[in-house]
Amino acid sequence: MAVAVIDEASVRVDDTGAECVGPWTSLRLREVEKKLAELRAPHGGSFRFDLRAVTAMDTTGAWLLYRSQLRLTEQGAQITLQGSSDSARAMLELVSKHAPGERPRTAKPGALHGLGHATVAHIQQSMGYTAFVGELACAAGAVILKPARIRWRVILNNLQAAGVAALPIVGLLSFLLGIVIGYQGGVPLEDYGASLFVADLVGLAMVRELAPLITAIIVAGRTGSAYTAQIGTMKVTEEIDALRTIGIVPMEVLVLPKVLALAIALPLLTVYADILGILGGMMMAWLALDISFAAFIDRLAYAVDIQSFLIGIGKAPVFALIIATVGCYQGFRVAGSAESVGRQTTKSVVQSIFLVLVVDATVSVIFSVMGI
């Protein structure tokens, strides 16, 4: 199952050897070089280098590996190589014949090289994400054809973690946001004798735009990051490999329940945020503008129609799919160590919020052009 493209080299070390992972190419070996320099030969024992997870190797990677072999051999260890590809084996033989005394110098990349490297990395990541979504769709189709494979208990557990547990933070921030909108919009309206229209401002702003958006951002930072950290930790501890070994498809067990749970939870959280946000605006209108609750609600019923409500709620499942798939995808991209878990978790949050904002802006422009 091709889920992710590993773009960072790493090495996992235990008492008997080291597992080399990812592309062992120049510009990606800084952390690997530090770990290799810390290797010490076991007393009187053998040491193995497992190269099965190496996706590419150039002369720099081969030289680092060759130098580590020499140093451990000098310390008395017997070195063995496992799982090396034909290209990696040829590169190691080439380096062993012509190995220099110092590390091959790597030309300092220029701005154009950096731009090209970043572009290729983004294209690879986009292709990997597209493949991941396609694989998720296939898994969903297989589960729909055999409903007995749906893991309801896992879905309910994720629903509790992503939905129920998020109620306090979503409610508090939505309430405060309603207060801010009510105050910032109500005071200028009062100058023109139109303070009652603060109900229009708070209602439409919360229902159409801000409640779905603030809820999605909170969930991306809270739940999306948790998805990445959970799957990434399982990847580091090789639990995902163990699931595949015993015939369990990780996509059905780990990803699909999370996506379904968030697709259910986020619309409900958005309705909750609508209510709390309007309540905050209503409180501020009563305190600062002396508008009664009854007058506010009467005006709100006139200003906010069912179409505006459905537009806001309709965005929530789309945001949920973005947050859940990006979070899980970045979890599968974790490779090497706990440091990678933190790095991918950060990427997960940033990319989720970025995509949510892009989709929200695009939908708003389209609806504006359509006059909705």
# chains A, B, ... in the order shown; residues from 1 in each chain; ligands from 1
call {"tool": "residues_around", "arguments": {"residues": "segment 229-236 of chain A", "least_positions_apart": "5", "cutoff": "10 Å", "atoms": "only C-alpha atoms", "output": "list in words"}}
result
Arg12, Thr223, Gly224, Asp241, Ala242, Pro250, Leu254, Val255, Gly327, Cys328, Tyr329, Gln330, Gly331, Phe332, Arg333, Val334, Ala335, Gly336, Ser337, Ala338, Ser340, Val341, Gly342, Arg343, Gln344, Thr345, Thr346 and Ser348 of chain A
call {"tool": "residues_around", "arguments": {"residues": "Val143 of chain A", "least_positions_apart": "5", "cutoff": "12 Å", "atoms": "only C-alpha atoms", "output": "PDB file with N, CA, C and O atoms, in the first residue's frame"}}
result
ATOM      1  N   LEU A 136      -8.199   6.045   0.321  1.00  0.00           N
ATOM      2  CA  LEU A 136      -9.271   6.147   1.320  1.00  0.00           C
ATOM      3  C   LEU A 136     -10.636   5.925   0.678  1.00  0.00           C
ATOM      4  O   LEU A 136     -11.504   5.262   1.265  1.00  0.00           O
ATOM      5  N   ALA A 137     -10.830   6.468  -0.535  1.00  0.00           N
ATOM      6  CA  ALA A 137     -12.104   6.271  -1.235  1.00  0.00           C
ATOM      7  C   ALA A 137     -12.323   4.792  -1.546  1.00  0.00           C
ATOM      8  O   ALA A 137     -13.444   4.283  -1.413  1.00  0.00           O
ATOM      9  N   CYS A 138     -11.268   4.096  -1.954  1.00  0.00           N
ATOM     10  CA  CYS A 138     -11.394   2.651  -2.223  1.00  0.00           C
ATOM     11  C   CYS A 138     -11.752   1.898  -0.943  1.00  0.00           C
ATOM     12  O   CYS A 138     -12.596   0.982  -0.955  1.00  0.00           O
ATOM     13  N   ALA A 148     -20.686  -4.813   7.560  1.00  0.00           N
ATOM     14  CA  ALA A 148     -20.252  -5.466   8.794  1.00  0.00           C
ATOM     15  C   ALA A 148     -18.829  -5.092   9.173  1.00  0.00           C
ATOM     16  O   ALA A 148     -18.417  -5.257  10.332  1.00  0.00           O
ATOM     17  N   ARG A 149     -18.062  -4.556   8.200  1.00  0.00           N
ATOM     18  CA  ARG A 149     -16.667  -4.179   8.476  1.00  0.00           C
ATOM     19  C   ARG A 149     -16.552  -2.793   9.108  1.00  0.00           C
ATOM     20  O   ARG A 149     -15.467  -2.352   9.454  1.00  0.00           O
ATOM     21  N   ILE A 150     -17.686  -2.078   9.207  1.00  0.00           N
ATOM     22  CA  ILE A 150     -17.643  -0.754   9.836  1.00  0.00           C
ATOM     23  C   ILE A 150     -17.389  -0.924  11.330  1.00  0.00           C
ATOM     24  O   ILE A 150     -18.079  -1.678  12.014  1.00  0.00           O
ATOM     25  N   ARG A 151     -16.408  -0.224  11.851  1.00  0.00           N
ATOM     26  CA  ARG A 151     -16.018  -0.339  13.267  1.00  0.00           C
ATOM     27  C   ARG A 151     -16.710   0.773  14.056  1.00  0.00           C
ATOM     28  O   ARG A 151     -16.138   1.839  14.278  1.00  0.00           O
ATOM     29  N   TRP A 152     -17.945   0.480  14.468  1.00  0.00           N
ATOM     30  CA  TRP A 152     -18.766   1.491  15.137  1.00  0.00           C
ATOM     31  C   TRP A 152     -18.167   1.927  16.469  1.00  0.00           C
ATOM     32  O   TRP A 152     -18.252   3.089  16.841  1.00  0.00           O
ATOM     33  N   VAL A 249      -6.113  -3.976   7.452  1.00  0.00           N
ATOM     34  CA  VAL A 249      -5.824  -2.827   6.592  1.00  0.00           C
ATOM     35  C   VAL A 249      -5.834  -1.553   7.449  1.00  0.00           C
ATOM     36  O   VAL A 249      -6.878  -1.189   8.011  1.00  0.00           O
ATOM     37  N   MET A 251      -5.908   1.503   6.700  1.00  0.00           N
ATOM     38  CA  MET A 251      -6.822   2.532   6.217  1.00  0.00           C
ATOM     39  C   MET A 251      -8.228   2.349   6.798  1.00  0.00           C
ATOM     40  O   MET A 251      -8.909   3.313   7.109  1.00  0.00           O
ATOM     41  N   GLU A 252      -8.658   1.093   6.935  1.00  0.00           N
ATOM     42  CA  GLU A 252      -9.995   0.830   7.481  1.00  0.00           C
ATOM     43  C   GLU A 252     -10.044   0.993   8.990  1.00  0.00           C
ATOM     44  O   GLU A 252     -11.061   1.404   9.545  1.00  0.00           O
ATOM     45  N   VAL A 253      -8.962   0.667   9.659  1.00  0.00           N
ATOM     46  CA  VAL A 253      -8.958   0.677  11.125  1.00  0.00           C
ATOM     47  C   VAL A 253      -8.604   2.050  11.687  1.00  0.00           C
ATOM     48  O   VAL A 253      -9.212   2.498  12.668  1.00  0.00           O
ATOM     49  N   LEU A 256     -10.394   5.577   8.262  1.00  0.00           N
ATOM     50  CA  LEU A 256     -11.826   5.712   7.953  1.00  0.00           C
ATOM     51  C   LEU A 256     -12.676   6.061   9.178  1.00  0.00           C
ATOM     52  O   LEU A 256     -13.533   6.956   9.090  1.00  0.00           O
ATOM     53  N   PRO A 257     -12.472   5.426  10.330  1.00  0.00           N
ATOM     54  CA  PRO A 257     -13.270   5.840  11.510  1.00  0.00           C
ATOM     55  C   PRO A 257     -13.035   7.288  11.913  1.00  0.00           C
ATOM     56  O   PRO A 257     -13.969   7.979  12.333  1.00  0.00           O
ATOM     57  N   LEU A 260     -14.957   9.539   9.306  1.00  0.00           N
ATOM     58  CA  LEU A 260     -16.404   9.486   9.527  1.00  0.00           C
ATOM     59  C   LEU A 260     -16.797  10.223  10.809  1.00  0.00           C
ATOM     60  O   LEU A 260     -17.786  10.973  10.836  1.00  0.00           O
TER      61      LEU A 260
END
call {"tool": "residues_around", "arguments": {"residues": "segment 190-207 of chain A", "least_positions_apart": "3", "cutoff": "10 Å", "atoms": "only C-alpha atoms", "output": "PyMOL selection string"}}
result
chain A and resi 174+177-187+210-214+270-271+273-282+284-285+288-292+295-305+308-313
call {"tool": "select_by_dssp", "arguments": {"residues": "segment 34-154 of chain A", "states": "helix (DSSP H, G or I)", "output": "compact mmCIF listing (two decimals) with N, CA, C and O atoms, in the first residue's frame"}}
result
# COMPACT_ATOMS: atom_id res chain seq x y z
N LYS A 34 24.97 12.85 12.16
CA LYS A 34 25.16 12.97 13.61
C LYS A 34 24.94 11.63 14.30
O LYS A 34 25.69 11.23 15.19
N LYS A 35 23.89 10.91 13.88
CA LYS A 35 23.61 9.63 14.53
C LYS A 35 24.66 8.58 14.19
O LYS A 35 25.04 7.77 15.04
N LEU A 36 25.14 8.60 12.95
CA LEU A 36 26.18 7.64 12.58
C LEU A 36 27.46 7.90 13.36
O LEU A 36 28.18 6.97 13.72
N ALA A 37 27.74 9.19 13.59
CA ALA A 37 28.95 9.51 14.36
C ALA A 37 28.87 9.02 15.80
O ALA A 37 29.92 8.81 16.44
N THR A 59 26.49 9.26 -3.82
CA THR A 59 27.85 9.05 -3.32
C THR A 59 28.02 9.56 -1.89
O THR A 59 28.77 8.99 -1.10
N THR A 60 27.31 10.64 -1.54
CA THR A 60 27.42 11.16 -0.18
C THR A 60 26.86 10.17 0.83
O THR A 60 27.48 9.88 1.87
N GLY A 61 25.68 9.63 0.55
CA GLY A 61 25.10 8.63 1.46
C GLY A 61 25.95 7.38 1.53
O GLY A 61 26.17 6.82 2.61
N ALA A 62 26.44 6.94 0.39
CA ALA A 62 27.28 5.74 0.38
C ALA A 62 28.58 5.99 1.14
O ALA A 62 29.07 5.11 1.87
N TRP A 63 29.12 7.19 1.01
CA TRP A 63 30.37 7.49 1.71
C TRP A 63 30.17 7.53 3.22
O TRP A 63 31.00 7.02 3.98
N LEU A 64 29.07 8.10 3.67
CA LEU A 64 28.80 8.12 5.11
C LEU A 64 28.65 6.70 5.66
O LEU A 64 29.17 6.37 6.73
N LEU A 65 27.95 5.86 4.91
CA LEU A 65 27.77 4.48 5.35
C LEU A 65 29.10 3.72 5.34
O LEU A 65 29.42 2.99 6.27
N TYR A 66 29.88 3.96 4.29
CA TYR A 66 31.18 3.29 4.18
C TYR A 66 32.11 3.72 5.32
O TYR A 66 32.80 2.90 5.92
N ARG A 67 32.11 5.02 5.62
CA ARG A 67 32.96 5.51 6.70
C ARG A 67 32.55 4.92 8.05
O ARG A 67 33.40 4.58 8.88
N SER A 68 31.25 4.78 8.28
CA SER A 68 30.77 4.18 9.53
C SER A 68 31.18 2.72 9.64
O SER A 68 31.55 2.24 10.71
N GLN A 69 31.12 2.01 8.50
CA GLN A 69 31.57 0.62 8.51
C GLN A 69 33.04 0.51 8.88
O GLN A 69 33.43 -0.33 9.70
N LEU A 70 33.85 1.38 8.29
CA LEU A 70 35.29 1.34 8.59
C LEU A 70 35.56 1.62 10.07
O LEU A 70 36.36 0.94 10.72
N ARG A 71 34.86 2.62 10.61
CA ARG A 71 35.10 3.00 12.01
C ARG A 71 34.67 1.88 12.97
O ARG A 71 35.38 1.55 13.92
N LEU A 72 33.52 1.26 12.69
CA LEU A 72 33.07 0.17 13.55
C LEU A 72 33.96 -1.07 13.41
O LEU A 72 34.19 -1.79 14.39
N THR A 73 34.46 -1.29 12.21
CA THR A 73 35.37 -2.41 12.00
C THR A 73 36.66 -2.21 12.80
O THR A 73 37.19 -3.15 13.41
N GLU A 74 37.15 -0.97 12.79
CA GLU A 74 38.36 -0.67 13.57
C GLU A 74 38.13 -0.85 15.07
O GLU A 74 39.06 -1.12 15.83
N ASP A 86 20.27 -3.17 -5.77
CA ASP A 86 21.39 -3.28 -6.71
C ASP A 86 22.09 -1.93 -6.88
O ASP A 86 23.33 -1.87 -6.92
N SER A 87 21.29 -0.86 -6.96
CA SER A 87 21.90 0.47 -7.14
C SER A 87 22.69 0.89 -5.91
O SER A 87 23.79 1.44 -6.02
N ALA A 88 22.16 0.61 -4.71
CA ALA A 88 22.88 0.97 -3.49
C ALA A 88 24.16 0.15 -3.35
O ALA A 88 25.21 0.66 -2.94
N ARG A 89 24.05 -1.14 -3.73
CA ARG A 89 25.25 -1.99 -3.65
C ARG A 89 26.33 -1.51 -4.62
O ARG A 89 27.52 -1.46 -4.28
N ALA A 90 25.91 -1.12 -5.81
CA ALA A 90 26.88 -0.62 -6.79
C ALA A 90 27.52 0.68 -6.32
O ALA A 90 28.72 0.90 -6.49
N MET A 91 26.73 1.53 -5.68
CA MET A 91 27.26 2.81 -5.19
C MET A 91 28.26 2.57 -4.06
O MET A 91 29.31 3.22 -3.98
N LEU A 92 27.95 1.61 -3.17
CA LEU A 92 28.88 1.30 -2.08
C LEU A 92 30.19 0.72 -2.61
O LEU A 92 31.27 1.05 -2.11
N GLU A 93 30.10 -0.13 -3.64
CA GLU A 93 31.32 -0.69 -4.22
C GLU A 93 32.15 0.40 -4.88
O GLU A 93 33.39 0.41 -4.77
N LEU A 94 31.47 1.34 -5.54
CA LEU A 94 32.19 2.44 -6.18
C LEU A 94 32.91 3.30 -5.15
O LEU A 94 34.08 3.66 -5.31
N VAL A 95 32.20 3.60 -4.05
CA VAL A 95 32.79 4.44 -3.01
C VAL A 95 33.94 3.72 -2.31
O VAL A 95 34.97 4.32 -1.98
N SER A 96 33.79 2.41 -2.09
CA SER A 96 34.86 1.66 -1.41
C SER A 96 36.15 1.64 -2.23
O SER A 96 37.24 1.57 -1.67
N LYS A 97 36.01 1.72 -3.56
CA LYS A 97 37.20 1.72 -4.41
C LYS A 97 37.85 3.09 -4.50
O LYS A 97 39.06 3.21 -4.64
N HIS A 98 37.04 4.13 -4.44
CA HIS A 98 37.57 5.47 -4.65
C HIS A 98 37.26 6.39 -3.49
O HIS A 98 37.14 7.61 -3.67
N ALA A 111 19.57 30.06 -4.71
CA ALA A 111 18.14 30.34 -4.55
C ALA A 111 17.31 29.57 -5.56
O ALA A 111 16.23 29.05 -5.24
N LEU A 112 17.81 29.47 -6.81
CA LEU A 112 17.06 28.74 -7.84
C LEU A 112 16.96 27.27 -7.50
O LEU A 112 15.90 26.64 -7.68
N HIS A 113 18.08 26.71 -6.96
CA HIS A 113 18.05 25.31 -6.54
C HIS A 113 17.05 25.10 -5.41
O HIS A 113 16.29 24.13 -5.40
N GLY A 114 17.04 26.03 -4.46
CA GLY A 114 16.09 25.92 -3.35
C GLY A 114 14.66 26.00 -3.82
O GLY A 114 13.78 25.25 -3.35
N LEU A 115 14.40 26.90 -4.78
CA LEU A 115 13.04 27.04 -5.32
C LEU A 115 12.62 25.74 -6.03
O LEU A 115 11.50 25.26 -5.87
N GLY A 116 13.54 25.21 -6.83
CA GLY A 116 13.23 23.96 -7.53
C GLY A 116 13.00 22.82 -6.58
O GLY A 116 12.06 22.01 -6.75
N HIS A 117 13.85 22.73 -5.55
CA HIS A 117 13.70 21.66 -4.57
C HIS A 117 12.37 21.77 -3.84
O HIS A 117 11.66 20.77 -3.63
N ALA A 118 11.99 23.00 -3.45
CA ALA A 118 10.71 23.19 -2.75
C ALA A 118 9.54 22.86 -3.66
O ALA A 118 8.54 22.27 -3.23
N THR A 119 9.66 23.23 -4.95
CA THR A 119 8.58 22.95 -5.89
C THR A 119 8.38 21.45 -6.06
O THR A 119 7.27 20.93 -6.03
N VAL A 120 9.50 20.75 -6.25
CA VAL A 120 9.41 19.29 -6.41
C VAL A 120 8.84 18.64 -5.16
O VAL A 120 8.00 17.73 -5.23
N ALA A 121 9.27 19.13 -3.99
CA ALA A 121 8.76 18.56 -2.74
C ALA A 121 7.25 18.77 -2.61
O ALA A 121 6.51 17.86 -2.20
N HIS A 122 6.76 19.96 -2.99
CA HIS A 122 5.32 20.22 -2.92
C HIS A 122 4.55 19.38 -3.92
O HIS A 122 3.45 18.89 -3.63
N ILE A 123 5.12 19.20 -5.11
CA ILE A 123 4.45 18.36 -6.11
C ILE A 123 4.37 16.92 -5.62
O ILE A 123 3.33 16.26 -5.72
N GLN A 124 5.48 16.42 -5.08
CA GLN A 124 5.48 15.06 -4.56
C GLN A 124 4.47 14.90 -3.42
O GLN A 124 3.76 13.90 -3.34
N GLN A 125 4.42 15.92 -2.55
CA GLN A 125 3.48 15.85 -1.43
C GLN A 125 2.03 15.90 -1.92
O GLN A 125 1.18 15.17 -1.41
N SER A 126 1.77 16.74 -2.93
CA SER A 126 0.41 16.81 -3.48
C SER A 126 0.02 15.50 -4.13
O SER A 126 -1.12 15.01 -3.97
N MET A 127 0.96 14.89 -4.85
CA MET A 127 0.66 13.59 -5.48
C MET A 127 0.44 12.52 -4.43
O MET A 127 -0.45 11.66 -4.56
N GLY A 128 1.24 12.55 -3.38
CA GLY A 128 1.06 11.58 -2.29
C GLY A 128 -0.27 11.75 -1.60
O GLY A 128 -0.95 10.76 -1.28
N TYR A 129 -0.68 13.01 -1.38
CA TYR A 129 -1.97 13.27 -0.73
C TYR A 129 -3.12 12.81 -1.63
O TYR A 129 -4.09 12.23 -1.14
N THR A 130 -2.99 13.07 -2.95
CA THR A 130 -4.03 12.62 -3.87
C THR A 130 -4.15 11.10 -3.87
O THR A 130 -5.26 10.54 -3.85
N ALA A 131 -3.01 10.41 -3.86
CA ALA A 131 -3.04 8.95 -3.81
C ALA A 131 -3.65 8.46 -2.50
O ALA A 131 -4.40 7.47 -2.47
N PHE A 132 -3.35 9.17 -1.42
CA PHE A 132 -3.90 8.80 -0.11
C PHE A 132 -5.42 8.93 -0.11
O PHE A 132 -6.14 8.04 0.36
N VAL A 133 -5.94 10.04 -0.66
CA VAL A 133 -7.39 10.24 -0.72
C VAL A 133 -8.03 9.17 -1.62
O VAL A 133 -9.11 8.65 -1.30
N GLY A 134 -7.38 8.85 -2.72
CA GLY A 134 -7.91 7.79 -3.58
C GLY A 134 -7.96 6.45 -2.88
O GLY A 134 -8.94 5.70 -3.00
N GLU A 135 -6.92 6.15 -2.12
CA GLU A 135 -6.90 4.89 -1.38
C GLU A 135 -7.98 4.87 -0.31
O GLU A 135 -8.62 3.85 -0.06
N LEU A 136 -8.20 6.05 0.32
CA LEU A 136 -9.27 6.15 1.32
C LEU A 136 -10.64 5.92 0.68
O LEU A 136 -11.50 5.26 1.27
N ALA A 137 -10.83 6.47 -0.54
CA ALA A 137 -12.10 6.27 -1.23
C ALA A 137 -12.32 4.79 -1.55
O ALA A 137 -13.44 4.28 -1.41
N CYS A 138 -11.27 4.10 -1.95
CA CYS A 138 -11.39 2.65 -2.22
C CYS A 138 -11.75 1.90 -0.94
O CYS A 138 -12.60 0.98 -0.95
N ALA A 139 -11.11 2.26 0.17
CA ALA A 139 -11.42 1.61 1.44
C ALA A 139 -12.86 1.88 1.86
O ALA A 139 -13.56 0.99 2.35
N ALA A 140 -13.33 3.13 1.63
CA ALA A 140 -14.72 3.46 1.96
C ALA A 140 -15.69 2.66 1.10
O ALA A 140 -16.72 2.17 1.59
N GLY A 141 -15.34 2.52 -0.20
CA GLY A 141 -16.20 1.72 -1.07
C GLY A 141 -16.28 0.27 -0.63
O GLY A 141 -17.36 -0.34 -0.64
N ALA A 142 -15.13 -0.29 -0.21
CA ALA A 142 -15.12 -1.69 0.25
C ALA A 142 -15.96 -1.85 1.52
O ALA A 142 -16.66 -2.85 1.69
N VAL A 143 -15.91 -0.86 2.39
CA VAL A 143 -16.68 -0.94 3.64
C VAL A 143 -18.17 -0.79 3.36
O VAL A 143 -19.01 -1.45 3.99
N ILE A 144 -18.52 0.08 2.39
CA ILE A 144 -19.95 0.26 2.05
C ILE A 144 -20.52 -1.04 1.50
O ILE A 144 -21.67 -1.41 1.79
N LEU A 145 -19.74 -1.75 0.70
CA LEU A 145 -20.22 -3.01 0.14
C LEU A 145 -20.36 -4.09 1.22
O LEU A 145 -21.17 -5.01 1.08
N PRO A 147 -21.02 -3.71 5.03
CA PRO A 147 -21.22 -2.85 6.22
C PRO A 147 -20.78 -3.50 7.53
O PRO A 147 -20.52 -2.78 8.50
N ALA A 148 -20.69 -4.81 7.56
CA ALA A 148 -20.25 -5.47 8.79
C ALA A 148 -18.83 -5.09 9.17
O ALA A 148 -18.42 -5.26 10.33
N ARG A 149 -18.06 -4.56 8.20
CA ARG A 149 -16.67 -4.18 8.48
C ARG A 149 -16.55 -2.79 9.11
O ARG A 149 -15.47 -2.35 9.45
N TRP A 152 -17.94 0.48 14.47
CA TRP A 152 -18.77 1.49 15.14
C TRP A 152 -18.17 1.93 16.47
O TRP A 152 -18.25 3.09 16.84
N ARG A 153 -17.57 0.99 17.19
CA ARG A 153 -17.00 1.35 18.49
C ARG A 153 -15.86 2.36 18.33
O ARG A 153 -15.76 3.33 19.09
N VAL A 154 -15.02 2.13 17.32
CA VAL A 154 -13.92 3.07 17.07
C VAL A 154 -14.46 4.44 16.64
O VAL A 154 -13.95 5.49 17.05
call {"tool": "select_by_dssp", "arguments": {"residues": "segment 36-175 of chain A", "states": "strand (DSSP E)", "output": "count of residues only"}}
result
17
call {"tool": "residues_around", "arguments": {"residues": "Pro168 of chain A", "least_positions_apart": "5", "cutoff": "12 Å", "atoms": "only C-alpha atoms", "output": "compact mmCIF listing (two decimals) with N, CA and C atoms, in the first residue's frame"}}
result
# COMPACT_ATOMS: atom_id res chain seq x y z
N ALA A 162 -13.29 13.86 19.32
CA ALA A 162 -13.27 15.02 18.41
C ALA A 162 -14.43 15.95 18.61
N GLY A 163 -15.57 15.44 19.10
CA GLY A 163 -16.76 16.27 19.23
C GLY A 163 -17.07 16.68 20.65
N LEU A 173 -14.77 30.10 22.75
CA LEU A 173 -14.24 30.99 21.72
C LEU A 173 -15.36 31.56 20.85
N SER A 174 -16.39 30.79 20.56
CA SER A 174 -17.51 31.30 19.76
C SER A 174 -18.26 32.37 20.54
N PHE A 175 -18.48 32.14 21.82
CA PHE A 175 -19.16 33.14 22.65
C PHE A 175 -18.36 34.45 22.68
N THR A 215 -14.62 27.09 14.11
CA THR A 215 -14.72 25.70 14.56
C THR A 215 -13.71 24.82 13.82
N ILE A 218 -10.16 25.51 15.16
CA ILE A 218 -9.94 24.88 16.47
C ILE A 218 -9.78 23.38 16.33
N LEU A 269 -20.70 20.59 15.85
CA LEU A 269 -19.96 21.63 16.56
C LEU A 269 -20.22 23.01 15.95
N TYR A 272 -23.45 24.28 17.27
CA TYR A 272 -23.18 24.70 18.65
C TYR A 272 -22.48 26.06 18.68
N ALA A 273 -21.50 26.25 17.77
CA ALA A 273 -20.79 27.53 17.70
C ALA A 273 -21.72 28.65 17.24
N LEU A 276 -23.77 29.65 20.39
CA LEU A 276 -22.98 30.36 21.40
C LEU A 276 -22.51 31.72 20.89
call {"tool": "closest_residue", "arguments": {"among": "A:Met57, A:Ala41, A:Cys20, A:Ala320", "to": "Gln82 of chain A", "atoms": "only C-alpha atoms"}}
result
A:Cys20
call {"tool": "atom_distance", "arguments": {"atom1": "atom CA of Val350 of chain A", "atom2": "atom CA of Ile322 of chain A"}}
result
11.9 Å
